[in-house]
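Structure data (PDB, C-alpha atoms, pLDDT in the B column) from start_25.pdb:
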ATOM      1  CA  MET O   1       0.000   0.000   0.000  1.00 58.00           C
ATOM      2  CA  LYS O   2       2.846   2.339   0.864  1.00 59.00           C
ATOM      3  CA  LYS O   3       4.476   1.677  -2.534  1.00 58.00           C
ATOM      4  CA  TYR O   4       1.161   2.491  -4.223  1.00 52.00           C
ATOM      5  CA  PHE O   5       1.005   5.948  -2.586  1.00 50.00           C
ATOM      6  CA  LEU O   6       4.672   6.576  -3.365  1.00 51.00           C
ATOM      7  CA  PHE O   7       4.015   5.687  -6.993  1.00 54.00           C
ATOM      8  CA  LEU O   8       0.958   7.995  -7.144  1.00 53.00           C
ATOM      9  CA  GLY O   9       2.980  10.791  -5.516  1.00 54.00           C
ATOM     10  CA  PHE O  10       5.754  10.329  -8.080  1.00 54.00           C
ATOM     11  CA  ILE O  11       3.280  10.419 -10.988  1.00 59.00           C
ATOM     12  CA  ALA O  12       1.549  13.521  -9.583  1.00 57.00           C
ATOM     13  CA  THR O  13       4.895  15.306  -9.162  1.00 57.00           C
ATOM     14  CA  LEU O  14       5.954  14.339 -12.678  1.00 48.00           C
ATOM     15  CA  LEU O  15       2.679  15.593 -14.174  1.00 52.00           C
ATOM     16  CA  LEU O  16       2.949  18.857 -12.245  1.00 49.00           C
ATOM     17  CA  ALA O  17       6.505  19.409 -13.471  1.00 49.00           C
ATOM     18  CA  LEU O  18       5.587  18.661 -17.078  1.00 46.00           C
ATOM     19  CA  SER O  19       2.540  20.912 -17.057  1.00 46.00           C
ATOM     20  CA  SER O  20       4.534  23.829 -15.649  1.00 45.00           C
ATOM     21  CA  CYS O  21       7.038  23.503 -18.512  1.00 47.00           C
ATOM     22  CA  SER O  22       4.481  23.703 -21.291  1.00 48.00           C
ATOM     23  CA  SER O  23       4.249  27.058 -23.011  1.00 59.00           C
ATOM     24  CA  LYS O  24       0.967  28.842 -23.413  1.00 81.00           C
ATOM     25  CA  ASP O  25       0.907  30.845 -26.612  1.00 87.00           C
ATOM     26  CA  GLU O  26      -1.519  33.724 -27.029  1.00 92.00           C
ATOM     27  CA  SER O  27      -2.941  34.740 -30.403  1.00 95.00           C
ATOM     28  CA  ILE O  28      -4.033  38.318 -31.000  1.00 96.00           C
ATOM     29  CA  ARG O  29      -5.731  39.710 -34.106  1.00 97.00           C
ATOM     30  CA  PHE O  30      -4.936  43.368 -34.914  1.00 98.00           C
ATOM     31  CA  GLU O  31      -7.116  45.203 -37.459  1.00 98.00           C
ATOM     32  CA  GLY O  32      -7.414  48.737 -38.761  1.00 98.00           C
ATOM     33  CA  GLU O  33      -7.939  50.870 -41.823  1.00 97.00           C
ATOM     34  CA  GLY O  34      -7.317  54.289 -43.224  1.00 98.00           C
ATOM     35  CA  GLU O  35      -8.901  56.130 -46.112  1.00 97.00           C
ATOM     36  CA  HIS O  36      -7.119  54.109 -48.835  1.00 97.00           C
ATOM     37  CA  TRP O  37      -5.581  51.076 -47.091  1.00 97.00           C
ATOM     38  CA  LYS O  38      -6.604  48.436 -44.546  1.00 98.00           C
ATOM     39  CA  ALA O  39      -4.547  45.892 -42.626  1.00 97.00           C
ATOM     40  CA  LEU O  40      -4.816  42.678 -40.668  1.00 97.00           C
ATOM     41  CA  TYR O  41      -1.984  41.310 -38.522  1.00 97.00           C
ATOM     42  CA  LEU O  42      -2.115  38.045 -36.578  1.00 97.00           C
ATOM     43  CA  LEU O  43       0.331  37.874 -33.691  1.00 95.00           C
ATOM     44  CA  THR O  44       1.177  34.706 -31.782  1.00 95.00           C
ATOM     45  CA  LYS O  45       3.263  35.285 -28.710  1.00 91.00           C
ATOM     46  CA  GLY O  46       4.797  33.221 -25.972  1.00 89.00           C
ATOM     47  CA  GLU O  47       6.725  34.297 -22.911  1.00 85.00           C
ATOM     48  CA  ASN O  48       9.761  35.620 -24.835  1.00 86.00           C
ATOM     49  CA  THR O  49       8.770  34.957 -28.450  1.00 92.00           C
ATOM     50  CA  GLN O  50       6.419  36.413 -30.990  1.00 93.00           C
ATOM     51  CA  ASN O  51       5.534  35.621 -34.587  1.00 94.00           C
ATOM     52  CA  GLY O  52       3.405  37.843 -36.767  1.00 95.00           C
ATOM     53  CA  GLN O  53       1.851  37.548 -40.204  1.00 96.00           C
ATOM     54  CA  GLY O  54      -0.425  39.900 -42.019  1.00 97.00           C
ATOM     55  CA  ASN O  55      -1.243  42.051 -45.017  1.00 95.00           C
ATOM     56  CA  ILE O  56      -1.747  45.683 -45.881  1.00 96.00           C
ATOM     57  CA  ILE O  57      -4.313  45.889 -48.674  1.00 95.00           C
ATOM     58  CA  TYR O  58      -5.203  48.779 -50.984  1.00 95.00           C
ATOM     59  CA  LYS O  59      -8.949  49.504 -50.905  1.00 95.00           C
ATOM     60  CA  GLY O  60      -9.154  51.409 -54.193  1.00 92.00           C
ATOM     61  CA  LYS O  61      -9.332  50.421 -57.836  1.00 89.00           C
ATOM     62  CA  ASP O  62      -6.384  50.231 -60.263  1.00 85.00           C
ATOM     63  CA  LYS O  63      -4.317  48.148 -57.864  1.00 85.00           C
ATOM     64  CA  GLU O  64      -1.899  47.238 -60.640  1.00 80.00           C
ATOM     65  CA  LYS O  65      -1.014  50.947 -61.140  1.00 81.00           C
ATOM     66  CA  LEU O  66       0.161  51.620 -57.582  1.00 87.00           C
ATOM     67  CA  GLY O  67       3.860  51.327 -58.398  1.00 84.00           C
ATOM     68  CA  LYS O  68       6.340  51.658 -55.546  1.00 90.00           C
ATOM     69  CA  VAL O  69       4.785  51.795 -52.099  1.00 94.00           C
ATOM     70  CA  SER O  70       6.757  52.547 -48.944  1.00 96.00           C
ATOM     71  CA  PHE O  71       5.436  51.520 -45.563  1.00 96.00           C
ATOM     72  CA  ILE O  72       6.252  51.726 -41.878  1.00 97.00           C
ATOM     73  CA  PHE O  73       4.579  49.249 -39.531  1.00 97.00           C
ATOM     74  CA  GLU O  74       5.501  50.064 -35.952  1.00 96.00           C
ATOM     75  CA  GLY O  75       4.435  48.502 -32.683  1.00 94.00           C
ATOM     76  CA  GLU O  76       5.533  48.614 -29.086  1.00 92.00           C
ATOM     77  CA  THR O  77       8.422  46.178 -29.630  1.00 87.00           C
ATOM     78  CA  GLU O  78       8.992  45.924 -33.386  1.00 89.00           C
ATOM     79  CA  LYS O  79       9.252  48.046 -36.507  1.00 93.00           C
ATOM     80  CA  LEU O  80       8.929  46.838 -40.081  1.00 93.00           C
ATOM     81  CA  LYS O  81       9.576  49.170 -42.972  1.00 94.00           C
ATOM     82  CA  GLY O  82      10.335  48.935 -46.631  1.00 93.00           C
ATOM     83  CA  THR O  83       9.507  49.802 -50.187  1.00 91.00           C
ATOM     84  CA  ASP O  84       7.633  47.306 -52.270  1.00 83.00           C
ATOM     85  CA  ASN O  85       5.854  46.974 -55.566  1.00 81.00           C
ATOM     86  CA  ALA O  86       2.431  46.347 -54.096  1.00 76.00           C
ATOM     87  CA  SER O  87       1.501  43.619 -56.543  1.00 73.00           C
ATOM     88  CA  GLU O  88      -2.248  43.234 -56.668  1.00 83.00           C
ATOM     89  CA  GLY O  89      -2.532  45.999 -54.061  1.00 90.00           C
ATOM     90  CA  LYS O  90      -1.126  43.895 -51.232  1.00 91.00           C
ATOM     91  CA  ILE O  91       1.947  44.146 -48.990  1.00 92.00           C
ATOM     92  CA  ASN O  92       2.877  41.099 -46.909  1.00 92.00           C
ATOM     93  CA  LEU O  93       4.057  41.520 -43.320  1.00 94.00           C
ATOM     94  CA  ASN O  94       6.057  38.784 -41.591  1.00 93.00           C
ATOM     95  CA  SER O  95       8.114  38.930 -38.426  1.00 92.00           C
ATOM     96  CA  ASN O  96       9.394  36.685 -35.669  1.00 91.00           C
ATOM     97  CA  CYS O  97      11.701  36.983 -32.730  1.00 90.00           C
ATOM     98  CA  SER O  98      12.953  34.840 -29.919  1.00 90.00           C
ATOM     99  CA  GLY O  99      14.230  36.100 -26.582  1.00 88.00           C
ATOM    100  CA  CYS O 100      12.500  39.428 -27.127  1.00 88.00           C
ATOM    101  CA  SER O 101       9.960  41.691 -25.487  1.00 86.00           C
ATOM    102  CA  THR O 102       6.443  41.127 -26.789  1.00 88.00           C
ATOM    103  CA  GLN O 103       3.687  43.430 -28.013  1.00 90.00           C
ATOM    104  CA  SER O 104       0.867  44.160 -25.592  1.00 90.00           C
ATOM    105  CA  SER O 105      -2.684  43.700 -26.879  1.00 91.00           C
ATOM    106  CA  LYS O 106      -3.503  47.094 -25.339  1.00 94.00           C
ATOM    107  CA  VAL O 107      -0.989  48.989 -27.513  1.00 95.00           C
ATOM    108  CA  PRO O 108      -1.861  49.534 -31.201  1.00 97.00           C
ATOM    109  CA  TYR O 109       0.396  49.169 -34.212  1.00 97.00           C
ATOM    110  CA  HIS O 110       0.902  52.390 -36.225  1.00 98.00           C
ATOM    111  CA  VAL O 111       0.897  52.157 -40.021  1.00 98.00           C
ATOM    112  CA  THR O 112       2.131  54.801 -42.455  1.00 98.00           C
ATOM    113  CA  ILE O 113       1.926  54.175 -46.201  1.00 97.00           C
ATOM    114  CA  LYS O 114       3.254  56.468 -48.958  1.00 96.00           C
ATOM    115  CA  TRP O 115       2.652  56.018 -52.677  1.00 93.00           C
ATOM    116  CA  ASP O 116       2.396  58.263 -55.730  1.00 89.00           C
ATOM    117  CA  GLY O 117       2.733  61.446 -53.640  1.00 92.00           C
ATOM    118  CA  LYS O 118      -0.028  60.338 -51.243  1.00 94.00           C
ATOM    119  CA  GLU O 119       0.027  59.224 -47.617  1.00 97.00           C
ATOM    120  CA  ASP O 120      -2.318  57.195 -45.436  1.00 98.00           C
ATOM    121  CA  LYS O 121      -1.899  56.714 -41.657  1.00 98.00           C
ATOM    122  CA  PHE O 122      -3.930  54.516 -39.318  1.00 98.00           C
ATOM    123  CA  ASP O 123      -3.699  52.269 -36.270  1.00 98.00           C
ATOM    124  CA  LEU O 124      -4.275  48.550 -35.886  1.00 97.00           C
ATOM    125  CA  LYS O 125      -6.017  47.631 -32.657  1.00 97.00           C
ATOM    126  CA  ALA O 126      -6.526  44.246 -31.031  1.00 96.00           C
ATOM    127  CA  LYS O 127      -9.918  42.689 -31.741  1.00 91.00           C
TER     128      LYS O 127
END
Can you present the structure in this file as structure tokens?
Amino acid sequence: MKKYFLFLGFIATLLLALSSCSSKDESIRFEGEGEHWKALYLLTKGENTQNGQGNIIYKGKDKEKLGKVSFIFEGETEKLKGTDNASEGKINLNSNCSGCSTQSSKVPYHVTIKWDGKEDKFDLKAK
């Protein structure tokens, strides 16, 4: 009987240790739009990691005539920027980091887009 309780105690301790080691990722959906552009960014974050994927999409017509588009996508802990030929009116956003600070769901991302002498600014907020 004593061995039985020792065995159960060992199993309970092992399960407790294993469950405390498992990571709990959080997924957050950020959305927003300006006058000419809209964006969606999906962020998955762990304790010291985060991975993001999303798109900035032109809302107007003549998407193939946009030409060079420069963008700045800035959050609490990361900044993506670049110039792209927005093929089909879409700019892809991808980021990941390990051992980094992570974006709070309470802080928005700020987006600035410039193209053909025009500018659009808006925020992405957690939904």
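Here, the PyMOL selection byres ((chain O and resi 48) around 9) matches Lys45, Gly46, Glu47, Thr49, Gln50, Cys97, Ser98, Gly99, Cys100, Ser101 and Thr102 of chain O.
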Legend entry - Explicit residues for the PyMOL selection byres ((chain O and resi 25) around 7) (as a PyMOL selection string): chain O and resi 23-24+26-27+44-46
Residues within 8 Å of segment 67-79 of chain O, please, as a CSV table (one decimal) with C-alpha atoms, in the coordinates of the input. Count only C-alpha atoms; anything in the same chain fewer than 5 positions from it doesn't count.
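The result, written out as result.csv:
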chain,number,residue,atom,x,y,z
O,84,ASP,CA,7.6,47.3,-52.3
O,85,ASN,CA,5.9,47.0,-55.6
O,86,ALA,CA,2.4,46.3,-54.1
O,101,SER,CA,10.0,41.7,-25.5
O,102,THR,CA,6.4,41.1,-26.8
O,103,GLN,CA,3.7,43.4,-28.0
O,104,SER,CA,0.9,44.2,-25.6
O,107,VAL,CA,-1.0,49.0,-27.5
O,108,PRO,CA,-1.9,49.5,-31.2
O,109,TYR,CA,0.4,49.2,-34.2
O,110,HIS,CA,0.9,52.4,-36.2
O,111,VAL,CA,0.9,52.2,-40.0
O,112,THR,CA,2.1,54.8,-42.5
O,113,ILE,CA,1.9,54.2,-46.2
O,114,LYS,CA,3.3,56.5,-49.0
O,115,TRP,CA,2.7,56.0,-52.7
O,116,ASP,CA,2.4,58.3,-55.7
Inset, instruction - Pick out the closest residue to Glu35 of chain O from this set: O:Gly89, O:Gly60, O:Gly54, O:Gly82. Count only C-alpha atoms. - result: O:Gly60
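Relative to atom CA of Gly52 of chain O, atom CA of Leu93 of chain O is found at 7.5 Å.
Using all atoms listed in the file, the nearest neighbour of Asn92 of chain O within the list O:Leu42, O:Leu124, O:Lys65, O:Ile28 is O:Leu42.
Here atom CA of Phe30 of chain O stands at a distance of 16.8 Å from atom CA of Lys90 of chain O.
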Inset, instruction - Within 7 Å of (-5.4, 52.5, -50.2) (coordinates as in the file), grab all the protein and nucleic acid residues, counting all atoms listed in the file, and write them out as JSON, numbers by chain. - result: {"O": [35, 36, 37, 57, 58, 59, 60]}
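With all atoms listed in the file as the basis for measurement, O:Gln53 is the residue among O:Gln53, O:Gly34, O:Lys61, O:Lys81 that approaches Ser95 of chain O most closely.
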Taking the structure in the block just given, could you write segment 24-39 of chain O with all heavy atoms, as an mmCIF file, in the first residue's frame?
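Saved as part.cif:
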data_model
loop_
_atom_site.group_PDB
_atom_site.id
_atom_site.type_symbol
_atom_site.label_atom_id
_atom_site.label_comp_id
_atom_site.auth_asym_id
_atom_site.auth_seq_id
_atom_site.Cartn_x
_atom_site.Cartn_y
_atom_site.Cartn_z
ATOM 1 N N LYS O 24 2.321 28.460 -23.065
ATOM 2 C CA LYS O 24 0.967 28.842 -23.413
ATOM 3 C C LYS O 24 1.057 30.037 -24.342
ATOM 4 O O LYS O 24 1.344 31.145 -23.910
ATOM 5 C CB LYS O 24 0.155 29.177 -22.164
ATOM 6 C CG LYS O 24 -0.003 27.984 -21.262
ATOM 7 C CD LYS O 24 -0.997 28.226 -20.173
ATOM 8 C CE LYS O 24 -1.051 26.982 -19.318
ATOM 9 N NZ LYS O 24 -2.267 26.761 -18.666
ATOM 10 N N ASP O 25 0.864 29.782 -25.627
ATOM 11 C CA ASP O 25 0.907 30.845 -26.612
ATOM 12 C C ASP O 25 -0.422 31.593 -26.625
ATOM 13 O O ASP O 25 -1.471 31.014 -26.384
ATOM 14 C CB ASP O 25 1.191 30.282 -27.999
ATOM 15 C CG ASP O 25 2.613 29.775 -28.144
ATOM 16 O OD1 ASP O 25 3.441 30.082 -27.265
ATOM 17 O OD2 ASP O 25 2.895 29.090 -29.127
ATOM 18 N N GLU O 26 -0.334 32.866 -26.934
ATOM 19 C CA GLU O 26 -1.519 33.724 -27.029
ATOM 20 C C GLU O 26 -1.579 34.262 -28.447
ATOM 21 O O GLU O 26 -0.584 34.718 -28.990
ATOM 22 C CB GLU O 26 -1.390 34.882 -26.025
ATOM 23 C CG GLU O 26 -2.494 35.893 -26.103
ATOM 24 C CD GLU O 26 -2.267 37.093 -25.198
ATOM 25 O OE1 GLU O 26 -1.177 37.251 -24.636
ATOM 26 O OE2 GLU O 26 -3.207 37.894 -25.073
ATOM 27 N N SER O 27 -2.745 34.198 -29.058
ATOM 28 C CA SER O 27 -2.941 34.740 -30.403
ATOM 29 C C SER O 27 -3.786 35.997 -30.315
ATOM 30 O O SER O 27 -4.820 36.007 -29.646
ATOM 31 C CB SER O 27 -3.630 33.723 -31.302
ATOM 32 O OG SER O 27 -2.799 32.615 -31.508
ATOM 33 N N ILE O 28 -3.327 37.037 -30.997
ATOM 34 C CA ILE O 28 -4.033 38.318 -31.000
ATOM 35 C C ILE O 28 -4.225 38.762 -32.447
ATOM 36 O O ILE O 28 -3.296 38.704 -33.246
ATOM 37 C CB ILE O 28 -3.245 39.403 -30.237
ATOM 38 C CG1 ILE O 28 -2.879 38.920 -28.838
ATOM 39 C CG2 ILE O 28 -4.049 40.701 -30.167
ATOM 40 C CD1 ILE O 28 -1.861 39.800 -28.136
ATOM 41 N N ARG O 29 -5.409 39.214 -32.762
ATOM 42 C CA ARG O 29 -5.731 39.710 -34.106
ATOM 43 C C ARG O 29 -5.797 41.239 -34.053
ATOM 44 O O ARG O 29 -6.603 41.799 -33.308
ATOM 45 C CB ARG O 29 -7.078 39.123 -34.531
ATOM 46 C CG ARG O 29 -7.556 39.567 -35.870
ATOM 47 C CD ARG O 29 -8.949 38.986 -36.111
ATOM 48 N NE ARG O 29 -9.474 39.419 -37.365
ATOM 49 C CZ ARG O 29 -9.613 38.631 -38.425
ATOM 50 N NH1 ARG O 29 -9.289 37.362 -38.342
ATOM 51 N NH2 ARG O 29 -10.099 39.105 -39.547
ATOM 52 N N PHE O 30 -4.944 41.900 -34.824
ATOM 53 C CA PHE O 30 -4.936 43.368 -34.914
ATOM 54 C C PHE O 30 -5.538 43.764 -36.259
ATOM 55 O O PHE O 30 -5.163 43.219 -37.297
ATOM 56 C CB PHE O 30 -3.506 43.912 -34.823
ATOM 57 C CG PHE O 30 -2.899 43.817 -33.444
ATOM 58 C CD1 PHE O 30 -2.232 42.674 -33.046
ATOM 59 C CD2 PHE O 30 -2.996 44.876 -32.555
ATOM 60 C CE1 PHE O 30 -1.663 42.573 -31.789
ATOM 61 C CE2 PHE O 30 -2.427 44.791 -31.294
ATOM 62 C CZ PHE O 30 -1.759 43.638 -30.913
ATOM 63 N N GLU O 31 -6.459 44.735 -36.243
ATOM 64 C CA GLU O 31 -7.116 45.203 -37.459
ATOM 65 C C GLU O 31 -7.212 46.721 -37.449
ATOM 66 O O GLU O 31 -7.300 47.340 -36.390
ATOM 67 C CB GLU O 31 -8.542 44.662 -37.561
ATOM 68 C CG GLU O 31 -8.665 43.186 -37.720
ATOM 69 C CD GLU O 31 -10.119 42.756 -37.809
ATOM 70 O OE1 GLU O 31 -10.947 43.473 -38.424
ATOM 71 O OE2 GLU O 31 -10.443 41.702 -37.240
ATOM 72 N N GLY O 32 -7.218 47.302 -38.644
ATOM 73 C CA GLY O 32 -7.414 48.737 -38.761
ATOM 74 C C GLY O 32 -7.460 49.145 -40.218
ATOM 75 O O GLY O 32 -7.100 48.374 -41.111
ATOM 76 N N GLU O 33 -7.920 50.374 -40.456
ATOM 77 C CA GLU O 33 -7.939 50.870 -41.823
ATOM 78 C C GLU O 33 -7.916 52.387 -41.862
ATOM 79 O O GLU O 33 -8.353 53.060 -40.939
ATOM 80 C CB GLU O 33 -9.117 50.322 -42.614
ATOM 81 C CG GLU O 33 -10.492 50.722 -42.156
ATOM 82 C CD GLU O 33 -11.553 50.057 -43.017
ATOM 83 O OE1 GLU O 33 -11.840 50.576 -44.121
ATOM 84 O OE2 GLU O 33 -12.082 49.018 -42.595
ATOM 85 N N GLY O 34 -7.357 52.864 -42.956
ATOM 86 C CA GLY O 34 -7.317 54.289 -43.224
ATOM 87 C C GLY O 34 -8.254 54.589 -44.372
ATOM 88 O O GLY O 34 -9.137 53.792 -44.718
ATOM 89 N N GLU O 35 -8.041 55.727 -45.013
ATOM 90 C CA GLU O 35 -8.901 56.130 -46.112
ATOM 91 C C GLU O 35 -8.693 55.240 -47.349
ATOM 92 O O GLU O 35 -9.648 54.894 -48.039
ATOM 93 C CB GLU O 35 -8.624 57.598 -46.472
ATOM 94 C CG GLU O 35 -9.554 58.154 -47.503
ATOM 95 C CD GLU O 35 -9.296 59.622 -47.778
ATOM 96 O OE1 GLU O 35 -8.627 60.289 -46.981
ATOM 97 O OE2 GLU O 35 -9.782 60.096 -48.821
ATOM 98 N N HIS O 36 -7.433 54.861 -47.616
ATOM 99 C CA HIS O 36 -7.119 54.109 -48.835
ATOM 100 C C HIS O 36 -6.625 52.683 -48.601
ATOM 101 O O HIS O 36 -6.602 51.885 -49.532
ATOM 102 C CB HIS O 36 -6.040 54.851 -49.633
ATOM 103 C CG HIS O 36 -6.441 56.233 -50.013
ATOM 104 N ND1 HIS O 36 -7.295 56.505 -51.058
ATOM 105 C CD2 HIS O 36 -6.130 57.431 -49.460
ATOM 106 C CE1 HIS O 36 -7.476 57.815 -51.143
ATOM 107 N NE2 HIS O 36 -6.778 58.396 -50.186
ATOM 108 N N TRP O 37 -6.181 52.379 -47.384
ATOM 109 C CA TRP O 37 -5.581 51.076 -47.091
ATOM 110 C C TRP O 37 -6.216 50.465 -45.849
ATOM 111 O O TRP O 37 -6.718 51.188 -44.984
ATOM 112 C CB TRP O 37 -4.082 51.225 -46.849
ATOM 113 C CG TRP O 37 -3.316 51.693 -48.046
ATOM 114 C CD1 TRP O 37 -3.173 52.987 -48.474
ATOM 115 C CD2 TRP O 37 -2.593 50.892 -48.966
ATOM 116 N NE1 TRP O 37 -2.409 53.033 -49.601
ATOM 117 C CE2 TRP O 37 -2.030 51.757 -49.927
ATOM 118 C CE3 TRP O 37 -2.357 49.524 -49.078
ATOM 119 C CZ2 TRP O 37 -1.256 51.297 -50.975
ATOM 120 C CZ3 TRP O 37 -1.575 49.060 -50.123
ATOM 121 C CH2 TRP O 37 -1.038 49.939 -51.066
ATOM 122 N N LYS O 38 -6.165 49.135 -45.750
ATOM 123 C CA LYS O 38 -6.604 48.436 -44.546
ATOM 124 C C LYS O 38 -5.575 47.345 -44.248
ATOM 125 O O LYS O 38 -4.820 46.934 -45.136
ATOM 126 C CB LYS O 38 -8.005 47.834 -44.713
ATOM 127 C CG LYS O 38 -8.104 46.778 -45.785
ATOM 128 C CD LYS O 38 -9.530 46.278 -45.920
ATOM 129 C CE LYS O 38 -9.616 45.246 -47.050
ATOM 130 N NZ LYS O 38 -10.982 44.733 -47.189
ATOM 131 N N ALA O 39 -5.546 46.893 -43.006
ATOM 132 C CA ALA O 39 -4.547 45.892 -42.626
ATOM 133 C C ALA O 39 -5.096 44.928 -41.593
ATOM 134 O O ALA O 39 -5.972 45.264 -40.793
ATOM 135 C CB ALA O 39 -3.292 46.579 -42.096
#
